[in-house]
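Q: Handing over model11.pdb, PDB, C-alpha atoms, pLDDT in the B column.
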```
ATOM      1  CA  MET T   1     121.329  97.544  47.537  1.00 67.00           C
ATOM      2  CA  THR T   2     119.269  97.403  50.732  1.00 74.00           C
ATOM      3  CA  LYS T   3     121.160  98.319  53.913  1.00 84.00           C
ATOM      4  CA  THR T   4     119.506  98.781  57.277  1.00 92.00           C
ATOM      5  CA  ASP T   5     121.277 100.224  60.316  1.00 94.00           C
ATOM      6  CA  LEU T   6     120.215  98.526  63.541  1.00 95.00           C
ATOM      7  CA  THR T   7     121.110  98.621  67.220  1.00 95.00           C
ATOM      8  CA  PHE T   8     121.221  95.858  69.801  1.00 95.00           C
ATOM      9  CA  SER T   9     122.261  95.537  73.426  1.00 96.00           C
ATOM     10  CA  ILE T  10     124.327  93.064  75.425  1.00 96.00           C
ATOM     11  CA  PRO T  11     123.909  92.057  79.093  1.00 92.00           C
ATOM     12  CA  SER T  12     126.433  94.652  80.260  1.00 87.00           C
ATOM     13  CA  GLY T  13     124.045  97.302  78.960  1.00 86.00           C
ATOM     14  CA  ALA T  14     126.161  98.464  76.034  1.00 90.00           C
ATOM     15  CA  GLU T  15     124.218  99.578  72.958  1.00 95.00           C
ATOM     16  CA  LEU T  16     125.942  98.460  69.776  1.00 97.00           C
ATOM     17  CA  SER T  17     125.557  99.091  66.058  1.00 96.00           C
ATOM     18  CA  ALA T  18     124.793  96.542  63.369  1.00 97.00           C
ATOM     19  CA  ARG T  19     124.199  96.709  59.631  1.00 97.00           C
ATOM     20  CA  LEU T  20     121.885  94.350  57.777  1.00 97.00           C
ATOM     21  CA  GLN T  21     122.593  94.022  54.058  1.00 97.00           C
ATOM     22  CA  ARG T  22     119.852  91.872  52.579  1.00 95.00           C
ATOM     23  CA  PRO T  23     118.896  91.167  48.962  1.00 94.00           C
ATOM     24  CA  ASP T  24     115.180  90.760  48.285  1.00 90.00           C
ATOM     25  CA  ASP T  25     115.578  87.112  47.282  1.00 92.00           C
ATOM     26  CA  CYS T  26     118.170  86.106  49.873  1.00 94.00           C
ATOM     27  CA  ARG T  27     118.728  82.424  50.633  1.00 95.00           C
ATOM     28  CA  GLY T  28     120.716  82.756  53.843  1.00 97.00           C
ATOM     29  CA  LEU T  29     121.773  85.253  56.510  1.00 98.00           C
ATOM     30  CA  PHE T  30     125.375  85.316  57.741  1.00 98.00           C
ATOM     31  CA  VAL T  31     126.105  86.943  61.127  1.00 98.00           C
ATOM     32  CA  LEU T  32     129.492  88.292  60.023  1.00 98.00           C
ATOM     33  CA  GLY T  33     131.777  89.366  62.876  1.00 98.00           C
ATOM     34  CA  HIS T  34     135.030  91.239  62.333  1.00 97.00           C
ATOM     35  CA  GLY T  35     138.537  90.377  63.503  1.00 95.00           C
ATOM     36  CA  SER T  36     140.465  91.806  66.431  1.00 92.00           C
ATOM     37  CA  GLY T  37     141.705  95.359  65.923  1.00 88.00           C
ATOM     38  CA  SER T  38     139.106  95.822  63.218  1.00 93.00           C
ATOM     39  CA  ASN T  39     135.494  96.950  62.928  1.00 94.00           C
ATOM     40  CA  MET T  40     132.471  96.231  60.766  1.00 96.00           C
ATOM     41  CA  ASP T  41     133.329  98.938  58.194  1.00 95.00           C
ATOM     42  CA  VAL T  42     136.895  98.049  57.191  1.00 95.00           C
ATOM     43  CA  PRO T  43     137.338  97.154  53.494  1.00 95.00           C
ATOM     44  CA  LEU T  44     137.473  93.404  54.154  1.00 96.00           C
ATOM     45  CA  MET T  45     134.096  93.453  55.887  1.00 97.00           C
ATOM     46  CA  ARG T  46     132.423  95.783  53.406  1.00 97.00           C
ATOM     47  CA  GLY T  47     133.852  93.923  50.430  1.00 97.00           C
ATOM     48  CA  LEU T  48     132.830  90.497  51.670  1.00 98.00           C
ATOM     49  CA  ALA T  49     129.326  91.699  52.496  1.00 98.00           C
ATOM     50  CA  ASP T  50     129.000  93.155  48.979  1.00 97.00           C
ATOM     51  CA  ALA T  51     130.295  89.941  47.386  1.00 98.00           C
ATOM     52  CA  LEU T  52     127.844  87.831  49.396  1.00 98.00           C
ATOM     53  CA  TYR T  53     125.004  90.192  48.483  1.00 97.00           C
ATOM     54  CA  GLY T  54     125.703  89.318  44.869  1.00 96.00           C
ATOM     55  CA  LYS T  55     125.338  85.632  45.791  1.00 96.00           C
ATOM     56  CA  ARG T  56     121.928  86.360  47.385  1.00 97.00           C
ATOM     57  CA  ILE T  57     123.292  85.926  50.906  1.00 97.00           C
ATOM     58  CA  ALA T  58     122.395  88.562  53.478  1.00 97.00           C
ATOM     59  CA  THR T  59     124.907  89.685  56.084  1.00 98.00           C
ATOM     60  CA  LEU T  60     124.526  91.161  59.540  1.00 98.00           C
ATOM     61  CA  ARG T  61     127.736  92.978  60.440  1.00 98.00           C
ATOM     62  CA  PHE T  62     128.099  94.289  63.973  1.00 98.00           C
ATOM     63  CA  GLN T  63     130.368  96.108  66.378  1.00 97.00           C
ATOM     64  CA  TYR T  64     131.838  94.909  69.669  1.00 96.00           C
ATOM     65  CA  PRO T  65     131.989  97.363  72.586  1.00 94.00           C
ATOM     66  CA  TYR T  66     135.665  98.094  71.901  1.00 92.00           C
ATOM     67  CA  SER T  67     135.130  98.766  68.202  1.00 94.00           C
ATOM     68  CA  GLU T  68     132.063 100.905  68.938  1.00 90.00           C
ATOM     69  CA  HIS T  69     134.044 103.189  71.252  1.00 90.00           C
ATOM     70  CA  PRO T  70     134.349 106.734  69.811  1.00 84.00           C
ATOM     71  CA  SER T  71     138.139 106.724  70.202  1.00 81.00           C
ATOM     72  CA  PHE T  72     138.665 103.376  68.485  1.00 79.00           C
ATOM     73  CA  VAL T  73     141.133 103.396  65.597  1.00 81.00           C
ATOM     74  CA  PRO T  74     141.212 100.290  63.373  1.00 78.00           C
ATOM     75  CA  PHE T  75     144.467  98.326  63.345  1.00 77.00           C
ATOM     76  CA  SER T  76     145.890 100.219  66.309  1.00 77.00           C
ATOM     77  CA  ASP T  77     147.097  98.674  69.571  1.00 77.00           C
ATOM     78  CA  MET T  78     143.855  99.376  71.416  1.00 76.00           C
ATOM     79  CA  PRO T  79     142.811  96.333  73.508  1.00 81.00           C
ATOM     80  CA  VAL T  80     139.838  94.189  72.547  1.00 85.00           C
ATOM     81  CA  ASP T  81     137.042  93.111  74.891  1.00 85.00           C
ATOM     82  CA  SER T  82     137.156  90.207  77.324  1.00 91.00           C
ATOM     83  CA  ASP T  83     136.286  86.746  76.035  1.00 91.00           C
ATOM     84  CA  GLN T  84     132.990  86.879  77.930  1.00 94.00           C
ATOM     85  CA  THR T  85     132.044  90.174  76.278  1.00 95.00           C
ATOM     86  CA  LEU T  86     132.940  88.799  72.845  1.00 95.00           C
ATOM     87  CA  VAL T  87     130.681  85.803  73.470  1.00 96.00           C
ATOM     88  CA  GLU T  88     127.831  87.971  74.757  1.00 97.00           C
ATOM     89  CA  THR T  89     128.106  90.225  71.710  1.00 97.00           C
ATOM     90  CA  ILE T  90     128.035  87.398  69.168  1.00 98.00           C
ATOM     91  CA  GLN T  91     125.084  85.808  70.981  1.00 97.00           C
ATOM     92  CA  ALA T  92     123.153  89.085  70.963  1.00 97.00           C
ATOM     93  CA  ALA T  93     123.935  89.648  67.268  1.00 98.00           C
ATOM     94  CA  LEU T  94     122.798  86.089  66.528  1.00 98.00           C
ATOM     95  CA  ASP T  95     119.558  86.703  68.411  1.00 97.00           C
ATOM     96  CA  LEU T  96     119.016  89.872  66.373  1.00 97.00           C
ATOM     97  CA  ALA T  97     119.647  87.958  63.150  1.00 97.00           C
ATOM     98  CA  ASN T  98     117.082  85.317  64.036  1.00 96.00           C
ATOM     99  CA  GLU T  99     114.545  88.050  64.759  1.00 95.00           C
ATOM    100  CA  THR T 100     115.028  89.459  61.254  1.00 92.00           C
ATOM    101  CA  ALA T 101     115.687  86.223  59.313  1.00 92.00           C
ATOM    102  CA  ASN T 102     112.112  85.834  58.018  1.00 91.00           C
ATOM    103  CA  GLY T 103     112.539  82.112  57.517  1.00 91.00           C
ATOM    104  CA  VAL T 104     115.944  81.992  55.802  1.00 96.00           C
ATOM    105  CA  PRO T 105     118.709  79.865  57.384  1.00 97.00           C
ATOM    106  CA  VAL T 106     121.106  81.721  59.679  1.00 98.00           C
ATOM    107  CA  PHE T 107     124.887  81.191  59.795  1.00 98.00           C
ATOM    108  CA  VAL T 108     127.300  82.648  62.342  1.00 98.00           C
ATOM    109  CA  GLY T 109     131.020  83.370  62.554  1.00 98.00           C
ATOM    110  CA  GLY T 110     133.255  85.794  60.730  1.00 98.00           C
ATOM    111  CA  HIS T 111     136.856  86.812  60.328  1.00 98.00           C
ATOM    112  CA  SER T 112     139.605  85.574  62.664  1.00 96.00           C
ATOM    113  CA  MET T 113     138.562  86.403  66.253  1.00 96.00           C
ATOM    114  CA  SER T 114     134.839  86.225  65.478  1.00 97.00           C
ATOM    115  CA  GLY T 115     135.013  82.868  63.717  1.00 98.00           C
ATOM    116  CA  PHE T 116     137.189  81.454  66.493  1.00 97.00           C
ATOM    117  CA  THR T 117     134.856  82.742  69.221  1.00 97.00           C
ATOM    118  CA  ALA T 118     131.830  81.285  67.445  1.00 98.00           C
ATOM    119  CA  THR T 119     133.495  77.858  67.443  1.00 97.00           C
ATOM    120  CA  LEU T 120     134.183  78.165  71.175  1.00 96.00           C
ATOM    121  CA  MET T 121     130.530  79.014  71.781  1.00 96.00           C
ATOM    122  CA  ALA T 122     129.323  76.065  69.700  1.00 97.00           C
ATOM    123  CA  SER T 123     131.564  73.681  71.648  1.00 95.00           C
ATOM    124  CA  GLN T 124     129.835  74.720  74.883  1.00 94.00           C
ATOM    125  CA  LYS T 125     126.169  75.124  73.900  1.00 92.00           C
ATOM    126  CA  ASN T 126     123.735  74.792  71.045  1.00 91.00           C
ATOM    127  CA  LEU T 127     123.654  77.856  68.829  1.00 95.00           C
ATOM    128  CA  ASN T 128     120.511  78.963  67.030  1.00 95.00           C
ATOM    129  CA  ALA T 129     122.199  78.732  63.639  1.00 97.00           C
ATOM    130  CA  LYS T 130     122.560  76.204  60.835  1.00 97.00           C
ATOM    131  CA  ALA T 131     126.366  76.279  60.753  1.00 97.00           C
ATOM    132  CA  ILE T 132     129.536  78.225  61.555  1.00 98.00           C
ATOM    133  CA  ILE T 133     131.667  79.998  58.954  1.00 98.00           C
ATOM    134  CA  ALA T 134     135.198  80.927  60.035  1.00 98.00           C
ATOM    135  CA  LEU T 135     137.469  82.959  57.772  1.00 98.00           C
ATOM    136  CA  ALA T 136     141.205  82.983  58.599  1.00 98.00           C
ATOM    137  CA  TYR T 137     141.109  80.704  61.639  1.00 97.00           C
ATOM    138  CA  PRO T 138     143.706  82.074  64.116  1.00 96.00           C
ATOM    139  CA  ARG T 139     145.368  78.974  65.490  1.00 94.00           C
ATOM    140  CA  LYS T 140     148.562  80.960  66.181  1.00 94.00           C
ATOM    141  CA  GLY T 141     150.785  77.890  66.494  1.00 90.00           C
ATOM    142  CA  ASP T 142     148.911  76.771  69.615  1.00 90.00           C
ATOM    143  CA  PRO T 143     147.193  73.342  69.395  1.00 90.00           C
ATOM    144  CA  SER T 144     145.070  74.200  72.435  1.00 90.00           C
ATOM    145  CA  ARG T 145     143.207  76.755  70.298  1.00 92.00           C
ATOM    146  CA  SER T 146     141.555  73.969  68.312  1.00 92.00           C
ATOM    147  CA  VAL T 147     140.972  71.174  70.857  1.00 94.00           C
ATOM    148  CA  HIS T 148     137.384  72.370  71.315  1.00 95.00           C
ATOM    149  CA  LEU T 149     136.542  71.755  67.640  1.00 95.00           C
ATOM    150  CA  ALA T 150     136.025  68.070  68.431  1.00 93.00           C
ATOM    151  CA  GLN T 151     133.056  69.063  70.624  1.00 93.00           C
ATOM    152  CA  ILE T 152     131.190  70.907  67.843  1.00 94.00           C
ATOM    153  CA  GLU T 153     128.269  68.999  66.383  1.00 91.00           C
ATOM    154  CA  MET T 154     127.085  71.566  63.827  1.00 94.00           C
ATOM    155  CA  PRO T 155     128.685  71.978  60.380  1.00 95.00           C
ATOM    156  CA  LEU T 156     131.747  74.217  60.154  1.00 97.00           C
ATOM    157  CA  LEU T 157     133.332  75.877  57.118  1.00 97.00           C
ATOM    158  CA  ILE T 158     136.874  77.215  57.392  1.00 98.00           C
ATOM    159  CA  VAL T 159     138.129  79.486  54.590  1.00 98.00           C
ATOM    160  CA  GLN T 160     141.882  79.929  54.985  1.00 98.00           C
ATOM    161  CA  GLY T 161     144.633  81.691  53.057  1.00 97.00           C
ATOM    162  CA  THR T 162     147.607  79.542  52.134  1.00 97.00           C
ATOM    163  CA  GLU T 163     149.932  82.365  53.287  1.00 97.00           C
ATOM    164  CA  ASP T 164     148.161  83.052  56.579  1.00 97.00           C
ATOM    165  CA  THR T 165     150.895  83.328  59.233  1.00 96.00           C
ATOM    166  CA  LEU T 166     148.354  83.118  62.088  1.00 96.00           C
ATOM    167  CA  GLY T 167     147.039  79.823  60.789  1.00 96.00           C
ATOM    168  CA  THR T 168     149.578  78.208  58.486  1.00 96.00           C
ATOM    169  CA  LYS T 169     148.620  75.626  55.909  1.00 96.00           C
ATOM    170  CA  SER T 170     150.456  72.838  57.721  1.00 95.00           C
ATOM    171  CA  GLU T 171     148.898  73.542  61.117  1.00 95.00           C
ATOM    172  CA  ILE T 172     145.384  73.993  59.701  1.00 96.00           C
ATOM    173  CA  LEU T 173     145.682  70.690  57.834  1.00 95.00           C
ATOM    174  CA  GLU T 174     146.872  69.033  61.042  1.00 93.00           C
ATOM    175  CA  MET T 175     143.999  70.663  62.928  1.00 94.00           C
ATOM    176  CA  VAL T 176     141.190  69.469  60.640  1.00 93.00           C
ATOM    177  CA  GLN T 177     142.583  66.051  59.700  1.00 90.00           C
ATOM    178  CA  PRO T 178     140.719  64.181  62.475  1.00 88.00           C
ATOM    179  CA  LEU T 179     137.613  66.321  61.915  1.00 88.00           C
ATOM    180  CA  LEU T 180     137.012  65.882  58.198  1.00 73.00           C
ATOM    181  CA  HIS T 181     133.558  64.404  58.777  1.00 78.00           C
ATOM    182  CA  ARG T 182     132.374  67.666  60.368  1.00 82.00           C
ATOM    183  CA  VAL T 183     134.636  70.422  58.973  1.00 93.00           C
ATOM    184  CA  GLU T 184     134.807  71.684  55.397  1.00 95.00           C
ATOM    185  CA  LEU T 185     138.109  73.409  54.551  1.00 96.00           C
ATOM    186  CA  LYS T 186     138.565  75.715  51.557  1.00 97.00           C
ATOM    187  CA  TRP T 187     141.817  77.438  50.582  1.00 98.00           C
ATOM    188  CA  LEU T 188     142.423  80.912  49.200  1.00 97.00           C
ATOM    189  CA  GLU T 189     145.628  80.498  47.234  1.00 97.00           C
ATOM    190  CA  GLY T 190     148.292  83.029  48.229  1.00 97.00           C
ATOM    191  CA  ALA T 191     146.016  84.853  50.681  1.00 97.00           C
ATOM    192  CA  SER T 192     147.242  86.406  53.928  1.00 96.00           C
ATOM    193  CA  HIS T 193     145.416  86.539  57.253  1.00 96.00           C
ATOM    194  CA  VAL T 194     143.469  89.591  56.071  1.00 95.00           C
ATOM    195  CA  LEU T 195     142.627  87.794  52.817  1.00 96.00           C
ATOM    196  CA  THR T 196     144.872  89.810  50.538  1.00 96.00           C
ATOM    197  CA  VAL T 197     146.878  88.316  47.671  1.00 97.00           C
ATOM    198  CA  ALA T 198     149.881  90.030  46.118  1.00 94.00           C
ATOM    199  CA  ASP T 199     149.171  91.367  42.618  1.00 90.00           C
ATOM    200  CA  LEU T 200     145.461  90.517  42.882  1.00 93.00           C
ATOM    201  CA  ASP T 201     142.660  92.966  43.570  1.00 95.00           C
ATOM    202  CA  HIS T 202     141.234  92.464  47.052  1.00 95.00           C
ATOM    203  CA  SER T 203     137.677  92.365  45.758  1.00 94.00           C
ATOM    204  CA  ALA T 204     138.598  89.414  43.536  1.00 96.00           C
ATOM    205  CA  VAL T 205     139.858  87.463  46.543  1.00 96.00           C
ATOM    206  CA  LEU T 206     136.720  88.281  48.516  1.00 97.00           C
ATOM    207  CA  HIS T 207     134.549  87.094  45.630  1.00 97.00           C
ATOM    208  CA  ILE T 208     136.366  83.752  45.725  1.00 97.00           C
ATOM    209  CA  ALA T 209     135.723  83.550  49.467  1.00 98.00           C
ATOM    210  CA  ALA T 210     132.072  84.406  48.795  1.00 98.00           C
ATOM    211  CA  ASP T 211     131.895  81.561  46.256  1.00 98.00           C
ATOM    212  CA  HIS T 212     133.079  79.101  48.918  1.00 98.00           C
ATOM    213  CA  ILE T 213     130.531  80.448  51.401  1.00 98.00           C
ATOM    214  CA  SER T 214     127.762  80.326  48.799  1.00 98.00           C
ATOM    215  CA  ASN T 215     128.494  76.691  47.968  1.00 97.00           C
ATOM    216  CA  PHE T 216     128.537  75.852  51.669  1.00 97.00           C
ATOM    217  CA  VAL T 217     125.157  77.535  52.164  1.00 97.00           C
ATOM    218  CA  ASP T 218     123.805  75.461  49.271  1.00 95.00           C
ATOM    219  CA  SER T 219     125.108  72.266  50.879  1.00 94.00           C
ATOM    220  CA  ILE T 220     123.330  73.100  54.142  1.00 87.00           C
TER     221      ILE T 220
END
```
What do you get writing this file as structure tokens?

A:
Amino acid sequence: MTKTDLTFSIPSGAELSARLQRPDDCRGLFVLGHGSGSNMDVPLMRGLADALYGKRIATLRFQYPYSEHPSFVPFSDMPVDSDQTLVETIQAALDLANETANGVPVFVGGHSMSGFTATLMASQKNLNAKAIIALAYPRKGDPSRSVHLAQIEMPLLIVQGTEDTLGTKSEILEMVQPLLHRVELKWLEGASHVLTVADLDHSAVLHIAADHISNFVDSI
């Protein structure tokens, strides 16, 4: 398995880490951001990157300034970065991905916070990517967190667990109902917000998510 450690910078001057995991015959490159309170090396991120590698999809995982900080502890109460910094980081990671894509289509998004932030960005400007992929969309019972989806013109895949308490099945269905012509929704049966399913190995769940992403890449 080919992994390359990279660095990139954001306008504030912060130097951040990224990891490119690319099969020789890859057919797409996914800029895969992590969720809040997490980082690029937690099991969910590593497992999904490995599953996508097996589907011939490259991933570029990356850190935000808060998750790069030496004192950061995953899943603690440490605060995340400002919205502007999150946007700047995803944009810089996307730029890095396009520099290394070598002609394959680039996708952008990630888990929870990263997928949500990518949709906000796409509602405000054109992104240099083929589509957005959002895993575990965090609507959090607030309809205002999805109003901007109507402004997105590029394709969007949402992969959601049916037991996700931060984006329940009923509210996600309500959210995408008027957007079915531009949003593809796939369910992970029994999965929580962190894509775990009781009595099922986590890697199995992540392989199902990777199947959905792979089929979406094929459709694009």

Q: I'd like the contact shell of segment 29-34 of chain T - 8 Å cut-off, only C-alpha atoms, skipping same-chain residues fewer than 2 positions apart - returned as a PDB file with C-alpha atoms, in the coordinates of the input.

A:
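The result, written out as result_6.pdb:
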```
ATOM      1  CA  ARG T  22     119.852  91.872  52.579  1.00 95.00           C
ATOM      2  CA  CYS T  26     118.170  86.106  49.873  1.00 94.00           C
ATOM      3  CA  ARG T  27     118.728  82.424  50.633  1.00 95.00           C
ATOM      4  CA  SER T  36     140.465  91.806  66.431  1.00 92.00           C
ATOM      5  CA  SER T  38     139.106  95.822  63.218  1.00 93.00           C
ATOM      6  CA  ASN T  39     135.494  96.950  62.928  1.00 94.00           C
ATOM      7  CA  MET T  40     132.471  96.231  60.766  1.00 96.00           C
ATOM      8  CA  MET T  45     134.096  93.453  55.887  1.00 97.00           C
ATOM      9  CA  ILE T  57     123.292  85.926  50.906  1.00 97.00           C
ATOM     10  CA  ALA T  58     122.395  88.562  53.478  1.00 97.00           C
ATOM     11  CA  THR T  59     124.907  89.685  56.084  1.00 98.00           C
ATOM     12  CA  LEU T  60     124.526  91.161  59.540  1.00 98.00           C
ATOM     13  CA  ARG T  61     127.736  92.978  60.440  1.00 98.00           C
ATOM     14  CA  PHE T  62     128.099  94.289  63.973  1.00 98.00           C
ATOM     15  CA  GLN T  63     130.368  96.108  66.378  1.00 97.00           C
ATOM     16  CA  ILE T  90     128.035  87.398  69.168  1.00 98.00           C
ATOM     17  CA  ALA T  93     123.935  89.648  67.268  1.00 98.00           C
ATOM     18  CA  LEU T  94     122.798  86.089  66.528  1.00 98.00           C
ATOM     19  CA  ALA T  97     119.647  87.958  63.150  1.00 97.00           C
ATOM     20  CA  ALA T 101     115.687  86.223  59.313  1.00 92.00           C
ATOM     21  CA  VAL T 104     115.944  81.992  55.802  1.00 96.00           C
ATOM     22  CA  PRO T 105     118.709  79.865  57.384  1.00 97.00           C
ATOM     23  CA  VAL T 106     121.106  81.721  59.679  1.00 98.00           C
ATOM     24  CA  PHE T 107     124.887  81.191  59.795  1.00 98.00           C
ATOM     25  CA  VAL T 108     127.300  82.648  62.342  1.00 98.00           C
ATOM     26  CA  GLY T 109     131.020  83.370  62.554  1.00 98.00           C
ATOM     27  CA  GLY T 110     133.255  85.794  60.730  1.00 98.00           C
ATOM     28  CA  HIS T 111     136.856  86.812  60.328  1.00 98.00           C
ATOM     29  CA  SER T 112     139.605  85.574  62.664  1.00 96.00           C
ATOM     30  CA  MET T 113     138.562  86.403  66.253  1.00 96.00           C
ATOM     31  CA  SER T 114     134.839  86.225  65.478  1.00 97.00           C
ATOM     32  CA  GLY T 115     135.013  82.868  63.717  1.00 98.00           C
TER      33      GLY T 115
END
```

Q: Give the answer as one residue: which of T:Ser192, T:Ser170, T:Ser17, T:Ser123 has the shortest atom-to-atom distance to Gly141 of chain T, using only C-alpha atoms?

A: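 Of all the options, T:Ser170 lies closest to Gly141 of chain T.
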
Q: Provide the atom CA of Asp83 of chain T to atom CA of Arg182 of chain T distance in Å, to one decimal place.

A: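 Distance between the two atoms: 25.0 Å.
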
Q: One decimal, Å: what's the distance from atom CA of Pro74 of chain T over to atom CA of Pro43 of chain T, could you say?

A: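 Atom CA of Pro74 of chain T sits 11.1 Å away from atom CA of Pro43 of chain T.
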
Q: Going by the chain IDs and residue numbers used in this file, which residues fall under the PyMOL selection byres ((chain T and resi 203) around 12)? Write them as a PyMOL selection string.

A: chain T and resi 43-52+195-197+199-202+204-210

Q: Restricting the calculation to all atoms listed in the file, which member of T:Ile220, T:Leu149, T:Leu16, T:Leu166 is positioned closest to Pro70 of chain T?

A: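 Looking at the shortest contact to Pro70 of chain T, the residue is T:Leu16.
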
Q: What does the structure give for the distance between atom CA of Tyr53 of chain T and atom CA of Ser219 of chain T, in Å to one decimal?

A: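 Computing it gives 18.1 Å between the two atoms.
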
Q: Which one of T:Ile133, T:Ala198, T:Val80, T:Leu6 sits closest to Thr100 of chain T if you count all atoms listed in the file?

A: T:Leu6

Q: Distance cut-off 7 Å, centre (128.7, 72.0, 53.8) in file coordinates, counting all atoms listed in the file: which residues qualify? Return them as a PDB file with C-alpha atoms, in the frame of the given file.

A:
```
ATOM      1  CA  PRO T 155     128.685  71.978  60.380  1.00 95.00           C
ATOM      2  CA  LEU T 157     133.332  75.877  57.118  1.00 97.00           C
ATOM      3  CA  GLU T 184     134.807  71.684  55.397  1.00 95.00           C
ATOM      4  CA  PHE T 216     128.537  75.852  51.669  1.00 97.00           C
ATOM      5  CA  VAL T 217     125.157  77.535  52.164  1.00 97.00           C
ATOM      6  CA  SER T 219     125.108  72.266  50.879  1.00 94.00           C
ATOM      7  CA  ILE T 220     123.330  73.100  54.142  1.00 87.00           C
TER       8      ILE T 220
END
```

Q: Using only C-alpha atoms, which of T:Gly54, T:Ile132, T:Ser76, T:Ser67 sits nearest Ser214 of chain T?

A: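 Comparing T:Gly54, T:Ile132, T:Ser76, T:Ser67 against Ser214 of chain T, the winner is T:Gly54.
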
Q: Please provide the set of residues having any atom within 12 Å of Ile10 of chain T, restricted to only C-alpha atoms, with same-chain residues fewer than 4 positions apart removed, written as a ChimeraX atom specification.

A: /T:14-17,63-65,84-96

Q: Once 8 Å is added on each side, what centre and edge lengths in Å to one decimal does the axis-aligned box around all listed atoms of segment 113-118 of chain T have, as AutoDock Vina command-line options?

A:
```
--center_x 135.2 --center_y 83.8 --center_z 66.5 --size_x 22.7 --size_y 21.1 --size_z 21.5
```

Q: Restricting the calculation to all atoms listed in the file: of T:Lys130, T:His148, T:Arg56, T:Lys125, which residue gets closest to Leu179 of chain T?

A: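 Using all atoms listed in the file, Leu179 of chain T sits closest to T:His148.
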
Q: Considering all atoms listed in the file, state which residue in the set T:Gln160, T:Ala191, T:Phe116, T:Pro143 is at the smallest distance from Met175 of chain T.

A: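 Nearest to Met175 of chain T: T:Pro143.
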